[in-house]
Structures are given as structure tokens and as C-alpha cells.
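Asks: Before I ask anything, here is the structure I am working with.
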Amino acid sequence: MSSQTVRTIKMNDGREMPVVALGTWAPAEGTARQDAWKWILTSLKAGYRHIDTAHLYGTEKAVAKALKESGLNREDVYITTKLPFNHGVRVRESFNESLANLDTDYVDMVLPYQESNELIKNSDGSHKTLDFPTFVEVWAEMEEILCEGKAKSIGVSNFSIQNLEILLKHAKIVPSNNQVEAHPYLQQDDLREYCKQKGIVLSAFTPSGWDTVRQDPSIVELARKYNVSAHQVILAWHLTRDTVVVTKSGDPARQKENLKLPTLTEDDVVKINALDRGERLHKANDKGLWLGWTKEKLGW
């Protein structure tokens, strides 16, 4: 077994990103978001040095509190946050709100979502997308934030090859990171190779594929072989592909497990590679739309 606590990967801007990140999404009901600082704190005590949050998650203040309670210096912890998909018309204001919530004067990484539509509904209840601002225009504002030093790196989220191509025709700065859904049933090999050629580090949300993938017989068999959880096997597989994993757990024991991953043999990596079926677990609605975007527009 080998600890992955401080393992990092270099991005195209020369900066290093820790490869195991704690995801901090929490439900809006009750006090879940206010109380999130408690399990974020246990993750920092366990050795996590990359915290992934978002304005939309409502946990940025919890991250700030956990960091303060941990006694760690700000520069010791890599913080990723995200611009909400419906804040394309107020990029600077939204980003400054995130800085205030996080009680910091900079973030290590900020990711605008691809979807730049406001929460406006069509007559049938579906989200209505707007022609302005485009993600190219949002990116131009992100470049300004980077140049001001308020973000050390900038990347994107949910971008396909198609839309990276559109962005790169206009961008002055190539994104350093692209956070997308990825797991053994959705391996995103074409996108991963494209990003690799551009020096864009791929990050995976839903990296284990939930129980849908964790209960796959091949994964279960490997978990027995290495005497670890199915979750640990899948995270270890991601790291063989130089993919950053954003994994959430509020349980201190599981948090520690996520930092102690087996070293998979090449044959076992091949076994997991064979599971790819192009299956997205984050589904579009019954009209085939995802936050107002068609699969064709998303490039999926």
C-alpha cells in the first residue's frame, strides 16, 4: 500500500495540483451545509490537501472555517471553487463572493461551468439558454481574474472536445484543468487524450461511479485481491491515468482510506479499462436536455 496524500500532477501553467481532492457538495436542507466544516476538518486532519468546493454548493464558508480550525496555513491547502452555471452575467461579482465566503484573497483553481444560461424557464418548464454571454466571453473574464492573481490557475468544467475547440479558437490562455464525470463505465479516453495533448489535467467527479460501478463483479474481485474497498480500487485506477479524483466522504475512516490506495498491476488496469461502456450516471432530463443544453451543443 502507498499513501497518495501529497501526490501532485503538473498542469500546463507549471503549477501542481494534488491528485486526491475532497468534494464538498452538501444538500441545502437543514444545517448540512453549515455543519460541513466538521467533516471537512477531519479530512484536513487525515491529510487531504486539496478541497473542491463551489459557490453553488453553499459550502465555501464551511471550507474557510475548517481551514481556520485546522491550524494549517492557507498556502498548505489547494482550494478549487467554481462559478455557477447561471452566473455568466456576473462573473466578477460572483467570484468576489466566493473569495469572501472562503475568507481568502485568492483561490488555487476556479472553474466556470460550460452552461452559461440564467435560470429562465421555457413554457414547458425546461431551462432556457441565452445567446449572451457565451462561454468564450465568460472565459475572457476568467483570464482577467488570473492575470490579477486572484486565481492561481483557471480551468473549465464539463467541457467536451467540441467545446474546447471552440474555446481555444478565442482564448489567450489554455485551461489548466477540465473537471468532468469519469469512472470505469465512462472513461472519456478521447477527451483524456485531447486534454493530455494540450497539457490540460483531467479531474473526475463521481470518480467511483457510485454503487453502479462499485458493485461490478470485476471491481469486487479486485477489491478482494488487494484487501481494500471497491472505491479504493477505482481511485487507484484513476491515478494510473493521471486523473485527479474528486471524492466525497464525511466519514473519517473512509477519508483516510481514500489517501491509502493500492498499486494496481498493469493486467488489473487492463481489466478495468475493459469495463468502459460510455455510460453517464448524471442523466439528462426526459426531454434530452441538461440544464437547457442539448447533447449536440454539449458535444456529448
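Following the order of the C-alpha cells, chains are lettered A, B, ..., residues in each are numbered from 1, and ligands are numbered from 1.
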For range 182-193 of chain A, list every protein, DNA or RNA residue within 9 Å, evaluated using only C-alpha atoms, and leave out those in the same chain fewer than 4 positions away; present the list as an mmCIF file with N, CA and C atoms, in the first residue's frame.
Replies:
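Writing the result to selection24.cif gives the following:
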```cif
data_model
loop_
_atom_site.group_PDB
_atom_site.id
_atom_site.type_symbol
_atom_site.label_atom_id
_atom_site.label_comp_id
_atom_site.auth_asym_id
_atom_site.auth_seq_id
_atom_site.Cartn_x
_atom_site.Cartn_y
_atom_site.Cartn_z
ATOM 1 N N SER A 160 -16.484 19.332 -23.471
ATOM 2 C CA SER A 160 -16.185 18.281 -24.441
ATOM 3 C C SER A 160 -15.060 18.744 -25.355
ATOM 4 N N ILE A 161 -14.563 17.839 -26.193
ATOM 5 C CA ILE A 161 -13.565 18.231 -27.198
ATOM 6 C C ILE A 161 -14.148 19.313 -28.103
ATOM 7 N N GLN A 197 -2.762 16.238 -24.702
ATOM 8 C CA GLN A 197 -2.004 16.917 -25.758
ATOM 9 C C GLN A 197 -1.915 18.420 -25.508
ATOM 10 N N LYS A 198 -2.926 18.977 -24.836
ATOM 11 C CA LYS A 198 -2.961 20.413 -24.543
ATOM 12 C C LYS A 198 -2.389 20.731 -23.162
ATOM 13 N N ILE A 200 -3.799 19.891 -20.430
ATOM 14 C CA ILE A 200 -4.943 20.123 -19.546
ATOM 15 C C ILE A 200 -5.128 18.895 -18.657
ATOM 16 N N VAL A 201 -5.030 19.072 -17.360
ATOM 17 C CA VAL A 201 -5.228 17.961 -16.426
ATOM 18 C C VAL A 201 -6.720 17.659 -16.318
ATOM 19 N N LEU A 202 -7.074 16.390 -16.421
ATOM 20 C CA LEU A 202 -8.468 15.982 -16.288
ATOM 21 C C LEU A 202 -8.757 15.635 -14.834
ATOM 22 N N SER A 203 -9.862 16.159 -14.315
ATOM 23 C CA SER A 203 -10.342 15.795 -12.982
ATOM 24 C C SER A 203 -11.666 15.058 -13.132
ATOM 25 N N ALA A 204 -11.867 14.068 -12.275
ATOM 26 C CA ALA A 204 -13.074 13.247 -12.356
ATOM 27 C C ALA A 204 -13.992 13.508 -11.177
ATOM 28 N N PHE A 205 -15.240 13.933 -11.474
ATOM 29 C CA PHE A 205 -16.252 13.897 -10.416
ATOM 30 C C PHE A 205 -17.061 12.610 -10.585
ATOM 31 N N THR A 206 -17.708 12.194 -9.511
ATOM 32 C CA THR A 206 -18.319 10.862 -9.447
ATOM 33 C C THR A 206 -17.284 9.811 -9.869
ATOM 34 N N PRO A 207 -16.077 9.851 -9.327
ATOM 35 C CA PRO A 207 -14.991 9.012 -9.840
ATOM 36 C C PRO A 207 -15.194 7.517 -9.648
ATOM 37 N N SER A 208 -15.962 7.122 -8.627
ATOM 38 C CA SER A 208 -16.161 5.679 -8.411
ATOM 39 C C SER A 208 -17.368 5.144 -9.167
ATOM 40 N N GLY A 209 -18.205 6.059 -9.706
ATOM 41 C CA GLY A 209 -19.416 5.612 -10.395
ATOM 42 C C GLY A 209 -20.473 5.072 -9.455
ATOM 43 N N THR A 212 -23.306 1.679 -8.813
ATOM 44 C CA THR A 212 -23.477 1.153 -10.171
ATOM 45 C C THR A 212 -22.193 0.501 -10.654
ATOM 46 N N VAL A 213 -21.060 1.164 -10.389
ATOM 47 C CA VAL A 213 -19.760 0.644 -10.820
ATOM 48 C C VAL A 213 -19.070 -0.136 -9.704
ATOM 49 N N ILE A 234 -10.981 1.771 -7.544
ATOM 50 C CA ILE A 234 -11.306 2.665 -8.658
ATOM 51 C C ILE A 234 -10.489 3.953 -8.584
ATOM 52 N N LEU A 235 -10.314 4.494 -7.385
ATOM 53 C CA LEU A 235 -9.485 5.691 -7.262
ATOM 54 C C LEU A 235 -8.054 5.398 -7.710
ATOM 55 N N TRP A 237 -7.125 3.221 -9.877
ATOM 56 C CA TRP A 237 -7.158 3.112 -11.344
ATOM 57 C C TRP A 237 -7.079 4.497 -11.980
ATOM 58 N N HIS A 238 -7.836 5.457 -11.452
ATOM 59 C CA HIS A 238 -7.788 6.821 -11.984
ATOM 60 C C HIS A 238 -6.366 7.377 -11.937
ATOM 61 N N ARG A 241 -3.982 6.763 -14.608
ATOM 62 C CA ARG A 241 -4.299 7.511 -15.829
ATOM 63 C C ARG A 241 -3.992 9.003 -15.670
ATOM 64 N N THR A 243 -5.314 11.094 -13.665
ATOM 65 C CA THR A 243 -6.564 11.824 -13.488
ATOM 66 C C THR A 243 -6.728 12.194 -12.023
ATOM 67 N N ILE A 272 -9.896 -3.233 -15.761
ATOM 68 C CA ILE A 272 -10.820 -2.118 -15.504
ATOM 69 C C ILE A 272 -11.063 -1.330 -16.788
ATOM 70 N N ASN A 273 -10.033 -1.169 -17.593
ATOM 71 C CA ASN A 273 -10.208 -0.467 -18.874
ATOM 72 C C ASN A 273 -11.287 -1.126 -19.728
ATOM 73 N N ALA A 274 -11.403 -2.441 -19.610
ATOM 74 C CA ALA A 274 -12.360 -3.198 -20.427
ATOM 75 C C ALA A 274 -13.811 -2.962 -20.016
ATOM 76 N N LEU A 275 -14.034 -2.254 -18.915
ATOM 77 C CA LEU A 275 -15.403 -2.033 -18.421
ATOM 78 C C LEU A 275 -16.090 -0.839 -19.083
ATOM 79 N N ASP A 276 -15.364 -0.073 -19.857
ATOM 80 C CA ASP A 276 -15.927 1.151 -20.434
ATOM 81 C C ASP A 276 -17.164 0.844 -21.280
ATOM 82 N N ARG A 277 -18.232 1.581 -21.031
ATOM 83 C CA ARG A 277 -19.458 1.426 -21.837
ATOM 84 C C ARG A 277 -20.058 2.781 -22.209
ATOM 85 N N GLY A 278 -19.316 3.858 -21.957
ATOM 86 C CA GLY A 278 -19.812 5.189 -22.313
ATOM 87 C C GLY A 278 -21.066 5.585 -21.568
ATOM 88 N N GLU A 279 -21.223 5.104 -20.351
ATOM 89 C CA GLU A 279 -22.468 5.322 -19.597
ATOM 90 C C GLU A 279 -22.358 6.492 -18.640
ATOM 91 N N ARG A 280 -23.169 7.517 -18.887
ATOM 92 C CA ARG A 280 -23.240 8.665 -17.977
ATOM 93 C C ARG A 280 -24.235 8.368 -16.860
ATOM 94 N N LEU A 281 -23.817 8.640 -15.630
ATOM 95 C CA LEU A 281 -24.706 8.444 -14.485
ATOM 96 C C LEU A 281 -25.459 9.721 -14.141
#
```
Asks: To one decimal in Å, tell me the separation between CA of Lys65 in chain A and CA of Asp35 in chain A.
Replies: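 Rounded to one decimal, the two atoms are 10.1 Å apart.
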Asks: I'd like the contact shell of Ala62 in chain A - 10 Å cut-off, only C-alpha atoms, skipping same-chain residues fewer than 3 positions apart - returned as an mmCIF file with C-alpha atoms, in the first residue's frame.
Replies:
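Everything below was put into out.cif:
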```cif
data_model
loop_
_atom_site.group_PDB
_atom_site.id
_atom_site.type_symbol
_atom_site.label_atom_id
_atom_site.label_comp_id
_atom_site.auth_asym_id
_atom_site.auth_seq_id
_atom_site.Cartn_x
_atom_site.Cartn_y
_atom_site.Cartn_z
ATOM 1 C CA THR A 24 -17.711 19.249 -0.535
ATOM 2 C CA ARG A 33 -24.033 22.993 4.621
ATOM 3 C CA GLN A 34 -23.307 24.888 7.828
ATOM 4 C CA ASP A 35 -22.154 21.691 9.528
ATOM 5 C CA ALA A 36 -19.986 20.567 6.623
ATOM 6 C CA TRP A 37 -16.934 22.213 8.207
ATOM 7 C CA LYS A 38 -16.780 19.354 10.713
ATOM 8 C CA TRP A 39 -16.127 16.625 8.142
ATOM 9 C CA ILE A 40 -14.017 18.949 6.004
ATOM 10 C CA LEU A 41 -11.871 19.456 9.108
ATOM 11 C CA THR A 53 -15.983 23.384 -3.464
ATOM 12 C CA GLY A 58 -23.047 26.592 -0.378
ATOM 13 C CA THR A 59 -20.041 25.135 1.455
ATOM 14 C CA LYS A 65 -13.999 27.550 8.927
ATOM 15 C CA ALA A 66 -12.432 24.105 8.600
ATOM 16 C CA LEU A 67 -9.166 25.570 7.344
ATOM 17 C CA LYS A 68 -9.075 28.034 10.247
ATOM 18 C CA ASN A 101 -17.010 33.139 1.569
ATOM 19 C CA LEU A 102 -13.635 31.380 1.597
#
```
Asks: At what distance in Å, to one decimal, does CA of Gln179 in chain A lie from CA of Asn158 in chain A?
Replies: 6.1 Å
Asks: Would you please work out which residue, of A:Leu239, A:Ala151, A:Ser70, A:Trp25, is nearest to Val269 in chain A when using only C-alpha atoms?
Replies: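 Of the candidates, the smallest distance to Val269 in chain A is held by A:Leu239.
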Asks: Between CA of Lys225 in chain A and CA of Lys45 in chain A, what is the distance, to one decimal in Å?
Replies: 29.1 Å
Asks: From the set A:Ser157, A:Gln215, A:Ser94, A:Asn163, which residue has the shortest atom-to-atom contact distance to Thr134 in chain A, counting only C-alpha atoms?
Replies: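 The shortest atom-to-atom distance to Thr134 in chain A comes from A:Asn163.
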Asks: When you look at Pro175 in chain A with a cut-off of 12 Å (counting only C-alpha atoms), what residues show up, excluding the ones that are within fewer than 3 positions of it in the same chain? I need them as a PyMOL selection string.
Replies: chain A and resi 11-13+109-112+136+139-140+142-143+146+152-157+159+164-165+167-168+171-172+178-179+195-196+198-202
Asks: Those residues with N, CA and C atoms, as a compact mmCIF listing (two decimals), in the first residue's frame please?
Replies:
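Saved as result-v3.txt:
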```txt
# COMPACT_ATOMS: atom_id res chain seq x y z
N MET A 11 0.37 20.92 -14.13
CA MET A 11 -0.52 21.41 -15.19
C MET A 11 0.27 22.23 -16.21
N ASN A 12 -0.40 22.66 -17.26
CA ASN A 12 0.29 23.37 -18.34
C ASN A 12 0.74 24.77 -17.95
N ASP A 13 0.32 25.26 -16.79
CA ASP A 13 0.79 26.57 -16.32
C ASP A 13 1.97 26.42 -15.36
N MET A 109 -7.59 27.33 -7.91
CA MET A 109 -8.21 26.99 -9.20
C MET A 109 -9.66 27.45 -9.17
N VAL A 110 -10.10 28.04 -10.25
CA VAL A 110 -11.52 28.36 -10.40
C VAL A 110 -11.97 27.83 -11.75
N LEU A 111 -13.14 27.20 -11.75
CA LEU A 111 -13.69 26.57 -12.94
C LEU A 111 -15.06 27.16 -13.25
N PRO A 112 -15.24 27.79 -14.39
CA PRO A 112 -16.61 28.13 -14.81
C PRO A 112 -17.24 26.90 -15.45
N VAL A 136 -17.20 31.55 -24.22
CA VAL A 136 -15.98 32.24 -24.67
C VAL A 136 -15.87 33.59 -23.97
N TRP A 139 -14.98 33.09 -20.34
CA TRP A 139 -13.56 32.74 -20.22
C TRP A 139 -12.68 33.97 -20.28
N ALA A 140 -13.02 34.94 -21.10
CA ALA A 140 -12.23 36.16 -21.20
C ALA A 140 -12.16 36.87 -19.85
N MET A 142 -12.46 35.27 -16.97
CA MET A 142 -11.65 34.41 -16.12
C MET A 142 -10.17 34.70 -16.35
N GLU A 143 -9.80 34.97 -17.58
CA GLU A 143 -8.40 35.30 -17.89
C GLU A 143 -7.97 36.57 -17.16
N LEU A 146 -7.29 35.71 -13.56
CA LEU A 146 -6.00 35.04 -13.44
C LEU A 146 -4.86 36.06 -13.48
N LYS A 152 -4.87 31.40 -9.00
CA LYS A 152 -3.53 30.97 -9.43
C LYS A 152 -3.60 30.19 -10.74
N SER A 153 -4.73 29.51 -10.96
CA SER A 153 -4.94 28.75 -12.20
C SER A 153 -6.41 28.84 -12.56
N ILE A 154 -6.72 28.68 -13.83
CA ILE A 154 -8.11 28.65 -14.27
C ILE A 154 -8.33 27.44 -15.18
N GLY A 155 -9.51 26.86 -15.05
CA GLY A 155 -9.86 25.71 -15.87
C GLY A 155 -11.32 25.76 -16.23
N VAL A 156 -11.85 24.63 -16.66
CA VAL A 156 -13.25 24.55 -17.08
C VAL A 156 -13.88 23.29 -16.49
N SER A 157 -15.18 23.19 -16.64
CA SER A 157 -15.90 22.02 -16.14
C SER A 157 -16.93 21.58 -17.16
N PHE A 159 -16.53 20.34 -20.12
CA PHE A 159 -16.23 20.69 -21.50
C PHE A 159 -15.86 19.45 -22.31
N LEU A 164 -14.12 22.61 -26.22
CA LEU A 164 -12.75 23.07 -26.00
C LEU A 164 -12.19 23.65 -27.29
N GLU A 165 -12.50 23.01 -28.41
CA GLU A 165 -12.04 23.52 -29.70
C GLU A 165 -12.59 24.93 -29.96
N LEU A 167 -13.57 27.08 -27.67
CA LEU A 167 -12.95 27.99 -26.70
C LEU A 167 -11.53 28.36 -27.12
N LEU A 168 -10.76 27.37 -27.56
CA LEU A 168 -9.35 27.61 -27.85
C LEU A 168 -9.12 28.45 -29.10
N ALA A 171 -9.41 31.83 -26.95
CA ALA A 171 -8.75 32.01 -25.66
C ALA A 171 -7.31 32.48 -25.82
N LYS A 172 -6.88 33.35 -24.91
CA LYS A 172 -5.48 33.74 -24.83
C LYS A 172 -4.71 32.74 -23.98
N ASN A 178 -9.81 20.42 -16.57
CA ASN A 178 -11.16 20.19 -17.06
C ASN A 178 -11.78 19.13 -16.16
N GLN A 179 -12.79 19.53 -15.40
CA GLN A 179 -13.43 18.59 -14.47
C GLN A 179 -14.71 18.04 -15.10
N CYS A 195 -7.00 16.34 -23.96
CA CYS A 195 -6.55 17.22 -22.88
C CYS A 195 -5.06 17.02 -22.61
N LYS A 196 -4.62 15.77 -22.66
CA LYS A 196 -3.21 15.48 -22.44
C LYS A 196 -2.33 16.22 -23.45
N LYS A 198 -2.93 18.98 -24.84
CA LYS A 198 -2.96 20.41 -24.54
C LYS A 198 -2.39 20.73 -23.16
N GLY A 199 -1.98 19.71 -22.42
CA GLY A 199 -1.47 19.93 -21.07
C GLY A 199 -2.57 20.22 -20.07
N ILE A 200 -3.80 19.89 -20.43
CA ILE A 200 -4.94 20.12 -19.55
C ILE A 200 -5.13 18.90 -18.66
N VAL A 201 -5.03 19.07 -17.36
CA VAL A 201 -5.23 17.96 -16.43
C VAL A 201 -6.72 17.66 -16.32
N LEU A 202 -7.07 16.39 -16.42
CA LEU A 202 -8.47 15.98 -16.29
C LEU A 202 -8.76 15.63 -14.83
```
Asks: Nearest to Trp300 in chain A among A:Val270, A:Val180, A:Leu222, A:Leu259, with distances taken over only C-alpha atoms: which residue is it?
Replies: A:Val180
Asks: Rank nothing, just name the residue among A:Asp103, A:Glu97, A:Asp108, A:Asp211 nearest to His55 in chain A, using only C-alpha atoms.
Replies: A:Glu97
Asks: Running DSSP on the backbone, which parts of range 176-268 of chain A land in strand (DSSP E), as a list in words?
Replies: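 Put together, the selection reads Asn177, Asn178, Gln179, Val180, Glu181, Val201, Leu202, Ser203, Ala204, Phe205, Val244, Val245, Val246, Thr247, Lys260 and Leu261 of chain A.
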Asks: Using only C-alpha atoms, can you tell me which of A:Asn96, A:Ser249, A:Ser43, A:Asn258 comes closest to Ala236 in chain A?
Replies: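 Closest residue, counting only C-alpha atoms: A:Asn258.
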Asks: Using only C-alpha atoms, which residue out of A:Val77, A:Val220, A:Ile173, A:Ala54 lies closest to Leu99 in chain A?
Replies: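 Nearest candidate to Leu99 in chain A out of A:Val77, A:Val220, A:Ile173, A:Ala54: A:Ala54.
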Asks: What residues in range 54-191 of chain A get the DSSP label alpha helix (DSSP H)? Please answer as a count of residues only.
Replies: 47
